[in-house]
Amino acid sequence: MRRWMKIAACIGAGLLLLAGGTMLYAYISVKQTVDRMYEPLPNRPQSPLRAQASDNPVPVRGQGEADAMPGNAAEMDGEELQPFSLLLLGVDEREQDVGRADTIVFATVNPAKRSVLLVSIPRDTRVEIAGKGTVDKINHSYAFGGTAMSVETVERLLDAPVDYYVKTNMEGFAEIVDQLGGVEVDNAFYFDHDGYVFEKGKNVLGGEAALAYARMRNDDPRGDVGRTLRQQQLLKGLFDSLRDIANIGDLPGILDILKNDVKTNLTWDRIKTLFMKYKPHRYEFHHEVVNGKGKMIDRIYYYIVDSQEKSRIHDLIVDQLT
(Lines give C-alpha, C1' and ligand atoms only; values in the text may rest on other atoms or scores of the structure.)
Protein backbone atom coordinates (compact mmCIF):
# COMPACT_ATOMS: atom_id res chain seq x y z
CA MET A 1 0.00 0.00 0.00
CA ARG A 2 2.82 2.38 0.92
CA ARG A 3 4.52 1.55 -2.38
CA TRP A 4 1.43 2.64 -4.32
CA MET A 5 1.19 5.78 -2.21
CA LYS A 6 4.79 6.62 -3.13
CA ILE A 7 4.03 5.98 -6.80
CA ALA A 8 0.92 8.17 -6.61
CA ALA A 9 2.93 10.88 -4.86
CA CYS A 10 5.59 10.70 -7.60
CA ILE A 11 2.91 10.92 -10.31
CA GLY A 12 1.32 13.86 -8.52
CA ALA A 13 4.67 15.61 -8.20
CA GLY A 14 5.34 14.95 -11.87
CA LEU A 15 2.01 16.43 -12.85
CA LEU A 16 2.69 19.49 -10.72
CA LEU A 17 6.10 19.93 -12.34
CA LEU A 18 4.52 19.53 -15.78
CA ALA A 19 1.85 22.11 -14.94
CA GLY A 20 4.48 24.42 -13.51
CA GLY A 21 6.64 24.00 -16.60
CA THR A 22 3.64 24.72 -18.84
CA MET A 23 2.80 27.87 -16.89
CA LEU A 24 6.45 28.97 -16.96
CA TYR A 25 6.54 28.43 -20.71
CA ALA A 26 3.35 30.43 -21.11
CA TYR A 27 4.74 33.20 -18.87
CA ILE A 28 8.01 33.42 -20.83
CA SER A 29 6.16 33.28 -24.16
CA VAL A 30 3.83 36.10 -23.14
CA LYS A 31 6.69 38.28 -21.88
CA GLN A 32 8.75 37.75 -25.03
CA THR A 33 5.72 38.55 -27.16
CA VAL A 34 4.91 41.74 -25.24
CA ASP A 35 8.53 42.83 -25.49
CA ARG A 36 8.30 42.55 -29.28
CA MET A 37 4.92 44.29 -29.33
CA TYR A 38 6.03 47.20 -27.13
CA GLU A 39 6.35 50.49 -29.01
CA PRO A 40 6.22 53.62 -26.81
CA LEU A 41 4.81 56.91 -27.94
CA PRO A 42 6.93 60.07 -27.92
CA ASN A 43 6.75 61.98 -24.63
CA ARG A 44 3.81 64.34 -24.65
CA PRO A 45 2.45 66.91 -22.21
CA GLN A 46 -0.11 65.73 -19.69
CA SER A 47 -3.73 66.29 -20.67
CA PRO A 48 -5.62 68.94 -18.64
CA LEU A 49 -8.53 66.50 -18.34
CA ARG A 50 -6.29 63.84 -16.83
CA ALA A 51 -4.69 66.35 -14.45
CA GLN A 52 -8.12 67.44 -13.20
CA ALA A 53 -9.27 63.84 -12.80
CA SER A 54 -6.64 62.94 -10.21
CA ASP A 55 -5.63 64.36 -6.86
CA ASN A 56 -2.10 63.02 -7.37
CA PRO A 57 0.45 64.02 -10.02
CA VAL A 58 0.13 61.82 -13.10
CA PRO A 59 3.31 60.70 -14.90
CA VAL A 60 3.76 61.98 -18.45
CA ARG A 61 2.20 59.48 -20.83
CA GLY A 62 4.52 57.59 -23.15
CA GLN A 63 7.37 57.18 -20.65
CA GLY A 64 8.38 53.66 -19.66
CA GLU A 65 8.25 54.45 -15.95
CA ALA A 66 4.68 55.75 -16.16
CA ASP A 67 3.13 52.43 -15.24
CA ALA A 68 0.59 53.52 -12.61
CA MET A 69 -2.95 53.68 -13.88
CA PRO A 70 -4.07 57.30 -14.27
CA GLY A 71 -7.32 58.81 -13.04
CA ASN A 72 -9.41 58.33 -9.93
CA ALA A 73 -8.98 55.14 -7.94
CA ALA A 74 -11.74 52.58 -7.44
CA GLU A 75 -11.55 50.21 -4.46
CA MET A 76 -12.09 46.56 -5.41
CA ASP A 77 -11.09 43.53 -3.35
CA GLY A 78 -8.64 45.67 -1.40
CA GLU A 79 -6.90 46.93 -4.53
CA GLU A 80 -7.07 50.34 -6.15
CA LEU A 81 -8.09 50.02 -9.79
CA GLN A 82 -8.03 53.11 -11.96
CA PRO A 83 -10.12 54.17 -14.96
CA PHE A 84 -8.11 54.47 -18.15
CA SER A 85 -8.46 55.03 -21.90
CA LEU A 86 -7.26 52.86 -24.76
CA LEU A 87 -7.19 53.69 -28.48
CA LEU A 88 -7.74 50.70 -30.78
CA LEU A 89 -6.39 51.13 -34.30
CA GLY A 90 -7.10 48.59 -37.04
CA VAL A 91 -4.63 49.37 -39.81
CA ASP A 92 -4.90 48.03 -43.35
CA GLU A 93 -1.17 47.78 -44.12
CA ARG A 94 -0.21 46.12 -47.35
CA GLU A 95 3.03 45.64 -49.25
CA GLN A 96 4.49 48.91 -50.58
CA ASP A 97 1.79 50.86 -48.69
CA VAL A 98 2.11 52.48 -45.24
CA GLY A 99 -1.61 51.87 -44.74
CA ARG A 100 -4.47 53.77 -43.16
CA ALA A 101 -6.29 53.35 -39.86
CA ASP A 102 -9.65 52.08 -41.11
CA THR A 103 -10.86 51.06 -37.63
CA ILE A 104 -10.61 53.70 -34.91
CA VAL A 105 -12.18 52.93 -31.53
CA PHE A 106 -11.66 55.02 -28.38
CA ALA A 107 -12.29 52.81 -25.35
CA THR A 108 -12.59 53.86 -21.72
CA VAL A 109 -12.65 51.39 -18.83
CA ASN A 110 -14.05 52.31 -15.42
CA PRO A 111 -13.65 49.59 -12.76
CA ALA A 112 -15.79 51.40 -10.19
CA LYS A 113 -18.73 51.40 -12.60
CA ARG A 114 -17.66 48.08 -14.14
CA SER A 115 -18.28 49.58 -17.54
CA VAL A 116 -16.49 49.87 -20.87
CA LEU A 117 -17.41 52.65 -23.28
CA LEU A 118 -16.49 52.02 -26.92
CA VAL A 119 -16.63 55.10 -29.16
CA SER A 120 -16.21 54.34 -32.85
CA ILE A 121 -14.92 57.13 -35.08
CA PRO A 122 -15.85 56.75 -38.77
CA ARG A 123 -12.73 56.71 -40.91
CA ASP A 124 -13.95 59.51 -43.23
CA THR A 125 -14.42 61.98 -40.35
CA ARG A 126 -13.09 65.38 -41.43
CA VAL A 127 -10.59 66.69 -38.88
CA GLU A 128 -7.51 68.80 -38.51
CA ILE A 129 -4.54 66.43 -38.68
CA ALA A 130 -2.40 67.03 -35.59
CA GLY A 131 1.12 68.23 -36.35
CA LYS A 132 0.39 68.71 -40.04
CA GLY A 133 -1.84 71.78 -40.07
CA THR A 134 -4.14 70.40 -42.76
CA VAL A 135 -7.75 69.19 -42.80
CA ASP A 136 -8.31 65.66 -44.05
CA LYS A 137 -9.97 62.32 -43.29
CA ILE A 138 -9.01 61.06 -39.86
CA ASN A 139 -7.77 57.71 -41.15
CA HIS A 140 -5.12 59.55 -43.21
CA SER A 141 -3.43 60.66 -39.99
CA TYR A 142 -1.80 57.23 -39.76
CA ALA A 143 -0.46 57.45 -43.32
CA PHE A 144 0.98 60.90 -42.59
CA GLY A 145 2.56 60.26 -39.18
CA GLY A 146 1.94 56.74 -37.95
CA THR A 147 0.51 55.84 -34.57
CA ALA A 148 1.69 58.97 -32.76
CA MET A 149 -0.10 61.30 -35.20
CA SER A 150 -3.26 59.17 -35.09
CA VAL A 151 -3.28 59.28 -31.28
CA GLU A 152 -2.83 63.05 -31.12
CA THR A 153 -5.45 63.65 -33.83
CA VAL A 154 -8.02 61.57 -31.92
CA GLU A 155 -7.17 63.39 -28.68
CA ARG A 156 -7.80 66.74 -30.35
CA LEU A 157 -11.06 65.59 -31.95
CA LEU A 158 -12.51 64.27 -28.67
CA ASP A 159 -10.66 66.63 -26.31
CA ALA A 160 -9.76 63.55 -24.27
CA PRO A 161 -6.49 61.80 -23.35
CA VAL A 162 -5.28 58.51 -24.76
CA ASP A 163 -3.43 56.58 -22.04
CA TYR A 164 -2.67 53.49 -24.07
CA TYR A 165 -3.02 52.31 -27.64
CA VAL A 166 -3.18 48.94 -29.38
CA LYS A 167 -2.56 48.83 -33.12
CA THR A 168 -3.22 45.70 -35.14
CA ASN A 169 -2.83 44.84 -38.78
CA MET A 170 -6.22 43.77 -40.11
CA GLU A 171 -4.73 40.63 -41.68
CA GLY A 172 -3.48 39.68 -38.21
CA PHE A 173 -7.00 40.27 -36.89
CA ALA A 174 -8.29 37.62 -39.31
CA GLU A 175 -5.68 35.12 -38.10
CA ILE A 176 -6.61 35.74 -34.46
CA VAL A 177 -10.29 35.14 -35.23
CA ASP A 178 -9.41 31.83 -36.89
CA GLN A 179 -7.19 30.81 -33.97
CA LEU A 180 -10.08 31.42 -31.57
CA GLY A 181 -12.47 29.35 -33.65
CA GLY A 182 -14.46 32.22 -35.15
CA VAL A 183 -16.55 35.05 -33.80
CA GLU A 184 -20.35 35.34 -33.50
CA VAL A 185 -22.22 38.43 -34.74
CA ASP A 186 -25.87 39.40 -34.99
CA ASN A 187 -26.26 40.74 -38.54
CA ALA A 188 -28.94 43.40 -39.10
CA PHE A 189 -29.70 42.50 -42.74
CA TYR A 190 -28.72 40.09 -45.50
CA PHE A 191 -25.79 41.07 -47.74
CA ASP A 192 -22.86 39.56 -49.59
CA HIS A 193 -19.36 40.98 -49.89
CA ASP A 194 -15.97 39.76 -51.17
CA GLY A 195 -17.44 36.34 -51.95
CA TYR A 196 -19.04 35.83 -48.53
CA VAL A 197 -22.77 35.69 -47.78
CA PHE A 198 -24.06 37.08 -44.48
CA GLU A 199 -27.54 35.99 -43.49
CA LYS A 200 -29.74 38.16 -41.30
CA GLY A 201 -29.40 37.15 -37.66
CA LYS A 202 -26.71 35.07 -35.97
CA ASN A 203 -23.56 34.33 -37.98
CA VAL A 204 -20.35 32.64 -36.86
CA LEU A 205 -17.54 34.06 -38.96
CA GLY A 206 -14.03 32.88 -39.72
CA GLY A 207 -11.19 35.35 -40.07
CA GLU A 208 -11.49 36.34 -43.74
CA ALA A 209 -15.29 36.45 -43.51
CA ALA A 210 -14.99 38.69 -40.46
CA LEU A 211 -12.78 41.08 -42.44
CA ALA A 212 -15.34 41.17 -45.26
CA TYR A 213 -18.11 41.77 -42.71
CA ALA A 214 -16.15 44.68 -41.23
CA ARG A 215 -15.18 46.30 -44.52
CA MET A 216 -18.52 46.42 -46.37
CA ARG A 217 -20.18 49.84 -46.46
CA ASN A 218 -21.44 50.61 -49.99
CA ASP A 219 -24.47 48.31 -49.61
CA ASP A 220 -25.24 49.46 -46.08
CA PRO A 221 -28.01 52.10 -45.93
CA ARG A 222 -26.26 53.52 -42.86
CA GLY A 223 -23.01 53.99 -44.81
CA ASP A 224 -19.84 54.26 -42.77
CA VAL A 225 -21.86 54.34 -39.53
CA GLY A 226 -23.19 50.88 -40.35
CA ARG A 227 -19.67 49.66 -40.91
CA THR A 228 -18.49 51.01 -37.56
CA LEU A 229 -21.41 49.26 -35.83
CA ARG A 230 -20.37 45.96 -37.42
CA GLN A 231 -16.79 46.57 -36.30
CA GLN A 232 -18.05 47.05 -32.74
CA GLN A 233 -19.88 43.71 -32.97
CA LEU A 234 -16.66 42.00 -34.03
CA LEU A 235 -14.64 43.64 -31.26
CA LYS A 236 -17.17 42.59 -28.63
CA GLY A 237 -17.23 39.03 -29.98
CA LEU A 238 -13.44 38.93 -30.01
CA PHE A 239 -13.26 40.24 -26.43
CA ASP A 240 -15.69 37.53 -25.33
CA SER A 241 -13.65 34.81 -27.05
CA LEU A 242 -10.35 36.01 -25.59
CA ARG A 243 -11.86 36.30 -22.11
CA ASP A 244 -13.20 32.78 -22.26
CA ILE A 245 -9.96 31.09 -23.35
CA ALA A 246 -9.76 27.95 -21.21
CA ASN A 247 -6.99 25.95 -22.89
CA ILE A 248 -3.45 27.21 -22.36
CA GLY A 249 -2.50 25.26 -25.47
CA ASP A 250 -4.21 27.99 -27.51
CA LEU A 251 -1.70 30.58 -26.30
CA PRO A 252 1.32 29.81 -28.54
CA GLY A 253 -0.65 30.20 -31.77
CA ILE A 254 -2.29 33.42 -30.61
CA LEU A 255 1.01 34.83 -29.36
CA ASP A 256 2.75 34.02 -32.64
CA ILE A 257 0.15 36.14 -34.44
CA LEU A 258 0.21 38.97 -31.92
CA LYS A 259 3.97 39.46 -31.95
CA ASN A 260 3.95 40.07 -35.71
CA ASP A 261 0.78 42.09 -36.12
CA VAL A 262 0.23 44.05 -32.89
CA LYS A 263 2.02 47.09 -31.43
CA THR A 264 1.20 48.77 -28.12
CA ASN A 265 2.66 51.11 -25.49
CA LEU A 266 1.40 48.79 -22.74
CA THR A 267 4.37 47.39 -20.83
CA TRP A 268 4.66 43.81 -19.61
CA ASP A 269 4.03 44.90 -16.00
CA ARG A 270 0.96 46.91 -17.02
CA ILE A 271 -0.51 44.01 -18.99
CA LYS A 272 0.01 41.68 -16.01
CA THR A 273 -1.86 44.17 -13.82
CA LEU A 274 -4.73 44.40 -16.31
CA PHE A 275 -4.96 40.63 -16.62
CA MET A 276 -4.74 39.78 -12.93
CA LYS A 277 -6.70 42.62 -11.37
CA TYR A 278 -9.20 43.72 -14.02
CA LYS A 279 -10.15 40.47 -15.77
CA PRO A 280 -12.02 38.84 -12.85
CA HIS A 281 -14.62 41.61 -12.90
CA ARG A 282 -17.35 41.45 -15.51
CA TYR A 283 -17.95 44.67 -17.36
CA GLU A 284 -20.97 46.07 -19.15
CA PHE A 285 -20.19 47.31 -22.66
CA HIS A 286 -21.66 50.56 -23.98
CA HIS A 287 -21.33 51.36 -27.67
CA GLU A 288 -21.34 54.81 -29.23
CA VAL A 289 -20.69 56.05 -32.75
CA VAL A 290 -19.59 59.62 -33.42
CA ASN A 291 -22.59 60.92 -35.37
CA GLY A 292 -22.29 63.19 -38.38
CA LYS A 293 -23.39 63.77 -41.96
CA GLY A 294 -21.76 62.91 -45.28
CA LYS A 295 -20.74 65.82 -47.50
CA MET A 296 -18.83 66.21 -50.76
CA ILE A 297 -16.08 68.85 -50.57
CA ASP A 298 -13.94 69.41 -53.67
CA ARG A 299 -15.33 66.13 -55.05
CA ILE A 300 -14.13 64.21 -51.98
CA TYR A 301 -16.52 62.53 -49.55
CA TYR A 302 -16.16 63.53 -45.89
CA TYR A 303 -18.04 62.73 -42.69
CA ILE A 304 -18.79 66.02 -40.92
CA VAL A 305 -19.14 66.07 -37.13
CA ASP A 306 -20.52 69.26 -35.57
CA SER A 307 -19.41 70.83 -32.29
CA GLN A 308 -22.53 69.70 -30.42
CA GLU A 309 -21.79 66.04 -31.20
CA LYS A 310 -18.16 66.46 -30.21
CA SER A 311 -19.30 67.88 -26.86
CA ARG A 312 -21.73 64.99 -26.34
CA ILE A 313 -19.03 62.38 -26.88
CA HIS A 314 -16.54 64.34 -24.77
CA ASP A 315 -18.98 64.48 -21.84
CA LEU A 316 -19.54 60.70 -22.04
CA ILE A 317 -15.80 60.12 -21.91
CA VAL A 318 -15.28 62.49 -18.99
CA ASP A 319 -18.04 60.69 -17.09
CA GLN A 320 -16.26 57.38 -17.68
CA LEU A 321 -12.83 58.63 -16.62
CA THR A 322 -13.94 60.33 -13.41
# chains A, B, ... in the order shown; residues from 1 in each chain; ligands from 1
>>> residues_around(residues="Thr267 in chain A", least_positions_apart="3", cutoff="7 Å", atoms="only C-alpha atoms", output="mmCIF file with C-alpha atoms, in the first residue's frame")
data_model
loop_
_atom_site.group_PDB
_atom_site.id
_atom_site.type_symbol
_atom_site.label_atom_id
_atom_site.label_comp_id
_atom_site.auth_asym_id
_atom_site.auth_seq_id
_atom_site.Cartn_x
_atom_site.Cartn_y
_atom_site.Cartn_z
ATOM 1 C CA TYR A 38 6.028 47.197 -27.131
ATOM 2 C CA ARG A 270 0.965 46.910 -17.021
ATOM 3 C CA ILE A 271 -0.509 44.006 -18.989
#
>>> atom_distance(atom1="CA of Ala101 in chain A", atom2="CA of Leu89 in chain A")
6.0 Å
>>> residues_around(residues="Lys200 in chain A", least_positions_apart="2", cutoff="6 Å", atoms="only C-alpha atoms", output="list in words")
Asn187, Ala188, Phe189 and Tyr190 of chain A
>>> write_last_selection(atoms="N, CA and C atoms", output="short mmCIF file (atom, residue, chain, number, x, y, z; two decimals), in the first residue's frame")
data_model
loop_
_atom_site.label_atom_id
_atom_site.label_comp_id
_atom_site.auth_asym_id
_atom_site.auth_seq_id
_atom_site.Cartn_x
_atom_site.Cartn_y
_atom_site.Cartn_z
N ASN A 187 -26.21 39.90 -37.34
CA ASN A 187 -26.26 40.74 -38.54
C ASN A 187 -27.65 41.36 -38.72
N ALA A 188 -27.67 42.66 -39.01
CA ALA A 188 -28.94 43.40 -39.10
C ALA A 188 -29.72 43.10 -40.37
N PHE A 189 -29.01 42.76 -41.47
CA PHE A 189 -29.70 42.50 -42.74
C PHE A 189 -28.81 41.64 -43.63
N TYR A 190 -29.46 40.96 -44.58
CA TYR A 190 -28.72 40.09 -45.50
C TYR A 190 -27.86 40.93 -46.45
#
>>> closest_residue(among="A:Lys167, A:Arg156, A:Lys113, A:Arg126", to="Lys295 in chain A", atoms="only C-alpha atoms")
A:Arg126
>>> closest_residue(among="A:Leu88, A:Leu41, A:Met216, A:Val204", to="Leu235 in chain A", atoms="only C-alpha atoms")
A:Leu88
>>> closest_residue(among="A:Gln233, A:Ser307, A:Asn43, A:Thr147", to="Val127 in chain A", atoms="only C-alpha atoms")
A:Ser307
>>> select_by_dssp(residues="range 94-224 of chain A", states="alpha helix (DSSP H)", output="ChimeraX atom specification")
/A:140-158,170-179,207-215,224
>>> residues_around(residues="Gly145 in chain A", least_positions_apart="2", cutoff="12 Å", atoms="only C-alpha atoms", output="ChimeraX atom specification")
/A:41,98-101,129-132,138-143,147-153
>>> select_by_dssp(residues="range 104-297 of chain A", states="strand (DSSP E or B)", output="VMD selection string")
chain A and resid 104 to 110 115 to 120 125 to 129 134 to 137 164 to 169 183 to 187 191 to 193 196 to 198 201 to 205 262 to 264 284 to 289 293 to 297
>>> closest_residue(among="A:Gly133, A:Ala112, A:Ser120, A:Val166", to="Leu266 in chain A", atoms="only C-alpha atoms")
A:Val166
